[in-house]
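Below: my_file.cif (mmCIF, C-alpha atoms and all ligand atoms)
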data_my_file
#
loop_
_atom_site.label_atom_id
_atom_site.label_comp_id
_atom_site.auth_asym_id
_atom_site.auth_seq_id
_atom_site.Cartn_x
_atom_site.Cartn_y
_atom_site.Cartn_z
CA MET A 407 0.00 0.00 0.00
CA ASN A 408 1.18 3.53 -0.76
CA LYS A 409 2.56 4.87 2.55
CA ARG A 410 0.93 8.28 2.00
CA LEU A 411 -2.46 6.56 2.11
CA ASN A 412 -1.84 5.85 5.79
CA VAL A 413 -2.35 9.49 6.69
CA ILE A 414 -5.57 10.88 8.20
CA THR A 415 -5.73 14.68 8.30
CA LEU A 416 -7.46 16.82 10.91
CA ASP A 417 -7.58 20.55 10.18
CA GLY A 418 -9.40 23.47 11.79
CA PRO A 419 -9.02 26.80 13.60
CA ALA A 420 -7.29 27.52 16.93
CA GLY A 421 -8.97 26.07 20.01
CA VAL A 422 -11.40 23.76 18.19
CA GLY A 423 -10.01 20.69 19.99
CA LYS A 424 -7.86 19.26 17.21
CA SER A 425 -5.00 18.19 19.48
CA THR A 426 -7.27 16.37 21.92
CA LEU A 427 -9.14 14.64 19.11
CA ALA A 428 -6.06 13.82 17.02
CA ARG A 429 -4.45 12.22 20.08
CA LEU A 430 -7.58 10.16 20.85
CA LEU A 431 -8.08 9.16 17.21
CA ALA A 432 -4.42 8.13 16.90
CA GLU A 433 -4.78 6.09 20.10
CA GLU A 434 -7.89 4.29 18.77
CA LEU A 435 -6.20 3.55 15.44
CA ALA A 436 -2.82 2.70 17.03
CA VAL A 437 -0.93 5.14 14.80
CA ALA A 438 1.22 8.17 15.61
CA TRP A 439 -0.15 11.67 16.16
CA LEU A 440 1.56 14.57 14.39
CA ASP A 441 0.87 17.94 16.05
CA THR A 442 2.06 20.32 13.32
CA GLY A 443 1.01 23.37 15.38
CA ALA A 444 3.65 22.26 17.91
CA MET A 445 6.23 22.27 15.08
CA PHE A 446 5.34 25.90 14.20
CA ARG A 447 5.31 26.82 17.90
CA CYS A 448 8.66 25.16 18.54
CA LEU A 449 10.29 26.91 15.60
CA ALA A 450 8.73 30.24 16.70
CA LEU A 451 10.20 29.80 20.17
CA LYS A 452 13.64 28.81 18.84
CA LEU A 453 13.77 31.64 16.27
CA GLY A 454 12.41 34.26 18.70
CA PRO A 455 10.24 37.38 18.14
CA GLY A 456 10.67 39.17 14.81
CA ALA A 457 11.83 36.04 12.92
CA GLU A 458 9.18 36.75 10.26
CA LYS A 459 11.15 39.86 9.29
CA LEU A 460 14.45 38.02 8.60
CA ALA A 461 15.74 37.75 5.04
CA GLU A 462 14.76 34.44 3.43
CA ASP A 463 18.27 32.97 3.13
CA ALA A 464 19.11 33.83 6.76
CA LEU A 465 15.83 32.25 7.85
CA ARG A 466 16.48 29.10 5.81
CA ARG A 467 19.99 28.82 7.28
CA ARG A 468 18.59 29.05 10.80
CA CYS A 469 15.78 26.59 10.06
CA ALA A 470 18.31 24.10 8.68
CA THR A 471 19.76 23.77 12.18
CA PHE A 472 16.51 22.24 13.46
CA SER A 473 15.24 18.78 12.56
CA PHE A 474 11.96 17.18 13.65
CA SER A 475 11.08 13.55 14.29
CA ILE A 476 8.43 11.60 16.18
CA GLY A 477 8.51 8.48 18.32
CA GLY A 478 5.84 6.23 19.85
CA ARG A 479 2.17 6.18 18.90
CA GLY A 480 -1.29 7.15 20.05
CA LYS A 481 -1.35 9.32 23.16
CA ASP A 482 2.27 8.38 23.82
CA THR A 483 3.54 9.94 20.61
CA THR A 484 6.42 12.35 21.24
CA LEU A 485 7.55 15.10 18.88
CA TYR A 486 11.29 15.78 18.96
CA CYS A 487 13.28 18.79 17.79
CA ASN A 488 16.95 17.95 17.40
CA GLY A 489 16.33 14.83 19.45
CA ILE A 490 14.81 16.71 22.42
CA PRO A 491 11.08 16.28 23.24
CA VAL A 492 8.96 19.35 22.47
CA GLY A 493 7.03 20.02 25.70
CA GLU A 494 4.67 22.38 27.47
CA GLU A 495 7.01 25.34 26.88
CA VAL A 496 5.43 25.82 23.42
CA ARG A 497 1.81 25.85 24.63
CA SER A 498 1.42 29.45 25.86
CA GLU A 499 -0.81 31.94 24.01
CA ASN A 500 2.23 34.13 23.45
CA VAL A 501 4.13 31.39 21.62
CA GLY A 502 0.90 30.65 19.67
CA LEU A 503 0.86 34.24 18.44
CA LEU A 504 4.54 34.10 17.40
CA ALA A 505 3.76 30.82 15.62
CA ALA A 506 0.85 32.41 13.71
CA ARG A 507 3.23 35.17 12.54
CA ILE A 508 5.99 32.89 11.26
CA ALA A 509 3.33 30.62 9.73
CA ALA A 510 2.69 33.32 7.11
CA VAL A 511 6.32 33.12 5.87
CA PRO A 512 6.63 30.93 2.74
CA ALA A 513 10.17 29.68 3.61
CA ILE A 514 8.99 28.48 7.03
CA ARG A 515 5.95 26.70 5.56
CA GLU A 516 8.15 25.03 2.96
CA VAL A 517 10.69 23.80 5.55
CA LEU A 518 7.93 22.41 7.79
CA LYS A 519 5.99 20.88 4.88
CA GLN A 520 9.10 18.89 3.90
CA ALA A 521 9.62 17.81 7.53
CA GLN A 522 5.93 16.78 7.88
CA ARG A 523 5.95 14.84 4.61
CA ALA A 524 9.19 13.08 5.55
CA ILE A 525 7.55 11.90 8.79
CA GLY A 526 4.40 10.84 6.88
CA GLN A 527 6.46 8.80 4.40
CA THR A 528 7.67 6.45 7.09
CA THR A 529 4.96 6.55 9.78
CA PRO A 530 1.16 5.99 9.67
CA LEU A 531 -0.30 9.18 11.15
CA VAL A 532 -3.16 11.33 12.29
CA ALA A 533 -1.77 14.70 11.15
CA GLU A 534 -3.40 17.80 12.63
CA GLY A 535 -2.98 21.44 11.69
CA ARG A 536 -4.33 24.02 9.26
CA ASP A 537 -3.21 22.85 5.82
CA MET A 538 -2.80 19.09 6.23
CA GLY A 539 -5.61 18.13 3.84
CA ILE A 540 -4.94 20.78 1.22
CA VAL A 541 -1.18 21.26 1.06
CA VAL A 542 0.85 18.72 3.01
CA PHE A 543 -1.06 15.46 2.48
CA PRO A 544 -3.47 16.14 -0.40
CA ASP A 545 -3.72 12.39 -1.08
CA ALA A 546 -4.53 11.43 2.54
CA GLU A 547 -6.93 8.55 2.99
CA PHE A 548 -9.39 10.49 5.21
CA LYS A 549 -9.69 14.22 5.79
CA PHE A 550 -11.65 15.96 8.54
CA PHE A 551 -12.16 19.69 9.10
CA LEU A 552 -13.39 20.63 12.59
CA ASP A 553 -15.01 23.98 13.32
CA ALA A 554 -16.86 25.84 16.13
CA SER A 555 -17.70 29.49 16.88
CA PRO A 556 -14.86 31.71 18.26
CA GLU A 557 -16.72 31.99 21.61
CA ILE A 558 -16.97 28.24 22.05
CA ARG A 559 -13.32 27.78 21.05
CA ALA A 560 -12.25 30.52 23.49
CA GLY A 561 -14.09 28.66 26.27
CA ARG A 562 -12.31 25.39 25.40
CA ARG A 563 -8.90 27.08 25.19
CA LEU A 564 -9.55 28.83 28.53
CA LYS A 565 -10.02 25.47 30.25
CA GLU A 566 -6.84 24.09 28.67
CA LEU A 567 -4.78 27.15 29.70
CA GLU A 568 -6.18 27.07 33.25
CA GLN A 569 -5.16 23.41 33.52
CA ASN A 570 -1.63 24.50 32.56
CA GLY A 571 -1.72 27.18 35.26
CA GLU A 572 -1.98 30.15 32.86
CA ALA A 573 -4.51 32.82 33.99
CA VAL A 574 -6.26 34.60 31.09
CA ASN A 575 -9.15 37.03 30.75
CA PRO A 576 -11.97 35.25 28.75
CA ALA A 577 -12.91 38.33 26.66
CA GLU A 578 -9.24 38.94 25.83
CA LEU A 579 -8.86 35.28 24.86
CA ALA A 580 -11.88 35.45 22.49
CA ASP A 581 -10.29 38.55 20.88
CA ARG A 582 -6.96 36.74 20.49
CA ILE A 583 -8.72 33.74 18.95
CA ARG A 584 -10.41 36.06 16.43
CA HIS A 585 -7.06 37.74 15.72
CA ARG A 586 -5.42 34.34 15.11
CA ASP A 587 -8.35 33.25 12.92
CA ASN A 588 -7.80 36.37 10.89
CA LEU A 589 -4.07 35.63 10.47
CA ASP A 590 -4.71 31.94 9.69
CA ARG A 591 -7.62 32.43 7.28
CA ASN A 592 -6.33 35.46 5.39
CA ARG A 593 -2.63 34.76 4.87
CA ALA A 594 -1.57 34.65 1.22
CA ILE A 595 -0.01 31.19 1.48
CA ALA A 596 -1.89 28.06 2.64
CA PRO A 597 -4.79 29.93 4.28
CA LEU A 598 -6.96 27.89 6.61
CA ARG A 599 -9.84 26.31 4.68
CA PRO A 600 -11.29 22.81 4.29
CA ALA A 601 -10.11 20.60 1.43
CA ASP A 602 -12.85 19.91 -1.11
CA ASP A 603 -12.84 16.25 -0.10
CA ALA A 604 -12.74 16.87 3.69
CA VAL A 605 -15.61 15.85 5.97
CA LEU A 606 -16.78 19.02 7.77
CA VAL A 607 -17.66 18.64 11.44
CA ASP A 608 -19.31 21.50 13.35
CA THR A 609 -18.29 20.55 16.88
CA SER A 610 -20.09 23.51 18.57
CA SER A 611 -22.66 21.36 20.33
CA MET A 612 -20.76 18.04 20.32
CA THR A 613 -18.76 16.44 23.10
CA VAL A 614 -15.23 15.15 22.48
CA GLU A 615 -16.58 11.56 22.54
CA GLU A 616 -19.25 12.40 19.98
CA VAL A 617 -16.73 13.92 17.56
CA LEU A 618 -14.34 11.00 18.07
CA ASN A 619 -17.07 8.41 17.47
CA PHE A 620 -18.29 10.29 14.41
CA MET A 621 -14.78 10.22 12.88
CA LEU A 622 -14.22 6.57 13.78
CA ARG A 623 -17.55 5.65 12.14
CA ARG A 624 -16.60 7.48 8.95
CA ILE A 625 -13.22 5.76 8.90
CA THR A 626 -14.55 2.25 9.56
CA GLU A 627 -17.38 2.73 7.06
CA GLY A 628 -14.72 3.85 4.57
CA LYS A 629 -16.46 7.12 3.68
O1 LIG B 1 -2.72 24.60 16.34
P1 LIG B 1 -1.84 25.59 17.08
O2 LIG B 1 -2.60 26.65 17.83
O3 LIG B 1 -0.85 24.90 17.95
O4 LIG B 1 -1.00 26.35 15.93
C1 LIG B 1 -0.17 27.45 16.19
C2 LIG B 1 -0.06 28.32 14.95
O5 LIG B 1 0.67 27.60 13.95
C3 LIG B 1 -1.38 28.70 14.27
O6 LIG B 1 -1.82 30.02 14.54
C4 LIG B 1 -1.10 28.65 12.81
C5 LIG B 1 0.11 27.82 12.68
N1 LIG B 1 -0.10 26.54 11.99
C6 LIG B 1 -0.16 26.56 10.62
O7 LIG B 1 -0.13 27.63 10.01
N2 LIG B 1 -0.23 25.39 9.94
C7 LIG B 1 -0.29 24.23 10.59
N3 LIG B 1 -0.34 23.09 9.90
C8 LIG B 1 -0.28 24.20 12.01
C9 LIG B 1 -0.20 25.38 12.68
#

Hey, can you dump this file as structure tokens for me?
Ligand code: DC
Amino acid sequence: MNKRLNVITLDGPAGVGKSTLARLLAEELAVAWLDTGAMFRCLALKLGPGAEKLAEDALRRRCATFSFSIGGRGKDTTLYCNGIPVGEEVRSENVGLLAARIAAVPAIREVLKQAQRAIGQTTPLVAEGRDMGIVVFPDAEFKFFLDASPEIRAGRRLKELEQNGEAVNPAELADRIRHRDNLDRNRAIAPLRPADDAVLVDTSSMTVEEVLNFMLRRITEGK
């Protein structure tokens, strides 16, 4: 079987619950989970603020010093950068904002696309992000696009940040989510949108279990 056909893509906006669902789906299917947002976040943290303003060749030279890999599967999948696990340090809202900025830079997207495809060539995956179904794995076996209103996503993100000990103002968080949506949906390269052949799931009034079961049903029914 073509290795690329072992990829399932999960795309959608910030805070929709992609990471939780990708991890659970990967666990159910006993494949690895690729959190591509964590790759953008990790690179944003390593490159530091203002990286999006660097000249392309300087940026490419710096990016070439970082290599990504994954190990394990399901909920125990670990993403590595230069052999070191990428951890909670990339999860803050501040790093998310830096990530959204560098994500608009073509050289960064190209570098990460190659890294994501290289991982997908050797490892069956649930790949989650913004452009998995359209750009990185256009021939994936199953594609899902999750969505929910900015208010509902802000509420979900608030819970996640509180669990990590980060205190945030809910109204400010909803504004930041809208700002990130704007950056993600309106950038010139690989803007966030569903692939034509993606299954759209409005998760606004669904529980995590309901979304997971819906996706598993689609996969087992082969649709
Ligand atoms: O999913 P996340 O919040 O961890 O992603 C952080 C940022 O990275 C997000 O604002 C946009 C960017 N991103 C992207 O452009 N393409 C991806 N495949 C994954 C993330």

Inset, instruction - Would you mind listing the residues within 8 Å of ligand LIG 1 (chain B), counting only C-alpha atoms and all ligand atoms, as JSON, numbers by chain? - result: {"A": [417, 419, 420, 421, 424, 425, 441, 442, 443, 444, 445, 446, 447, 497, 501, 502, 503, 504, 505, 506, 507, 508, 509, 510, 515, 534, 535, 536, 537, 538, 586, 587, 589, 590, 596, 597, 598]}

Legend entry - Option closest in space to Gly480 in chain A, from A:Ala464, A:Cys448, A:Ala521, A:Ala436 [counting all atoms listed in the file]: A:Ala436

Inset, instruction - May I ask which of the residues A:Leu449, A:Pro556, A:Val511, A:Glu458 is the closest one to Asn588 in chain A, counting all atoms listed in the file? - result: A:Pro556

Inset, instruction - Record the distance separating CA of Ala450 in chain A and CA of Asp482 in chain A, expressed in Å with one decimal. - result: 23.9 Å

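Closest approach to Ser475 in chain A among A:Ala533, A:Leu606, A:Val437, A:Cys487 is made by A:Cys487 (distances from only C-alpha atoms).
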
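Using all atoms listed in the file for every distance, the candidate list A:Thr415, A:Thr484, A:Asn570, A:Thr529 yields A:Thr415 as the residue closest to Ala601 in chain A.
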
Inset, instruction - For CA of Asp581 in chain A and CA of Asn500 in chain A, quote the distance in Å rounded to one decimal. - result: 13.5 Å

Legend entry - Selection: 9 Å around Leu427 in chain A, all atoms listed in the file, excl. self and same-chain fewer than 4 positions, as a count of residues only: 8

Inset, instruction - Enter the distance from CA of Leu440 in chain A to CA of Asp545 in chain A, in Å, rounded to one decimal. - result: 16.5 Å

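In this comparison, which uses all atoms listed in the file, the residue of A:Ala513, A:Glu557, A:Asn412, A:Arg562 approaching Ala461 in chain A most closely is A:Ala513.
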
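Nearest residue to Gly526 in chain A among A:Cys469, A:Thr613, A:Leu564, A:Trp439 is A:Trp439, counting only C-alpha atoms.
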
Starting from the point (-10.3, 32.8, 20.1), work out which residues of protein, DNA or RNA have an atom no more than 6 Å away when counting only C-alpha atoms; state them as a PDB file with C-alpha atoms, in the frame of the given file.
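Below you can see part.pdb, which holds the result:
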ATOM      1  CA  PRO A 556     -14.860  31.710  18.260  1.00  0.00           C
ATOM      2  CA  ARG A 559     -13.320  27.780  21.050  1.00  0.00           C
ATOM      3  CA  ALA A 560     -12.250  30.520  23.490  1.00  0.00           C
ATOM      4  CA  LEU A 579      -8.860  35.280  24.860  1.00  0.00           C
ATOM      5  CA  ALA A 580     -11.880  35.450  22.490  1.00  0.00           C
ATOM      6  CA  ASP A 581     -10.290  38.550  20.880  1.00  0.00           C
ATOM      7  CA  ARG A 582      -6.960  36.740  20.490  1.00  0.00           C
ATOM      8  CA  ILE A 583      -8.720  33.740  18.950  1.00  0.00           C
ATOM      9  CA  ARG A 584     -10.410  36.060  16.430  1.00  0.00           C
TER      10      ARG A 584
END

What are the centre and edge lengths in Å, to one decimal, of the axis-aligned box around all listed atoms of range 435-446 of chain A with 3 Å added on each side, as lines of an AutoDock Vina configuration file?
center_x = 0.0
center_y = 14.3
center_z = 15.6
size_x = 18.4
size_y = 29.2
size_z = 10.6

Inset, instruction - Please check which residues have atoms at most 9 Å from (-11.7, 18.2, 1.0) in the file's coordinates, counting only C-alpha atoms, and write them as a PyMOL selection string. - result: chain A and resi 539-540+544+549-551+600-606

Could you write out that same residue set with C-alpha atoms as a PDB file, in the coordinates of the input?
ATOM      1  CA  GLY A 539      -5.610  18.130   3.840  1.00  0.00           C
ATOM      2  CA  ILE A 540      -4.940  20.780   1.220  1.00  0.00           C
ATOM      3  CA  PRO A 544      -3.470  16.140  -0.400  1.00  0.00           C
ATOM      4  CA  LYS A 549      -9.690  14.220   5.790  1.00  0.00           C
ATOM      5  CA  PHE A 550     -11.650  15.960   8.540  1.00  0.00           C
ATOM      6  CA  PHE A 551     -12.160  19.690   9.100  1.00  0.00           C
ATOM      7  CA  PRO A 600     -11.290  22.810   4.290  1.00  0.00           C
ATOM      8  CA  ALA A 601     -10.110  20.600   1.430  1.00  0.00           C
ATOM      9  CA  ASP A 602     -12.850  19.910  -1.110  1.00  0.00           C
ATOM     10  CA  ASP A 603     -12.840  16.250  -0.100  1.00  0.00           C
ATOM     11  CA  ALA A 604     -12.740  16.870   3.690  1.00  0.00           C
ATOM     12  CA  VAL A 605     -15.610  15.850   5.970  1.00  0.00           C
ATOM     13  CA  LEU A 606     -16.780  19.020   7.770  1.00  0.00           C
TER      14      LEU A 606
END
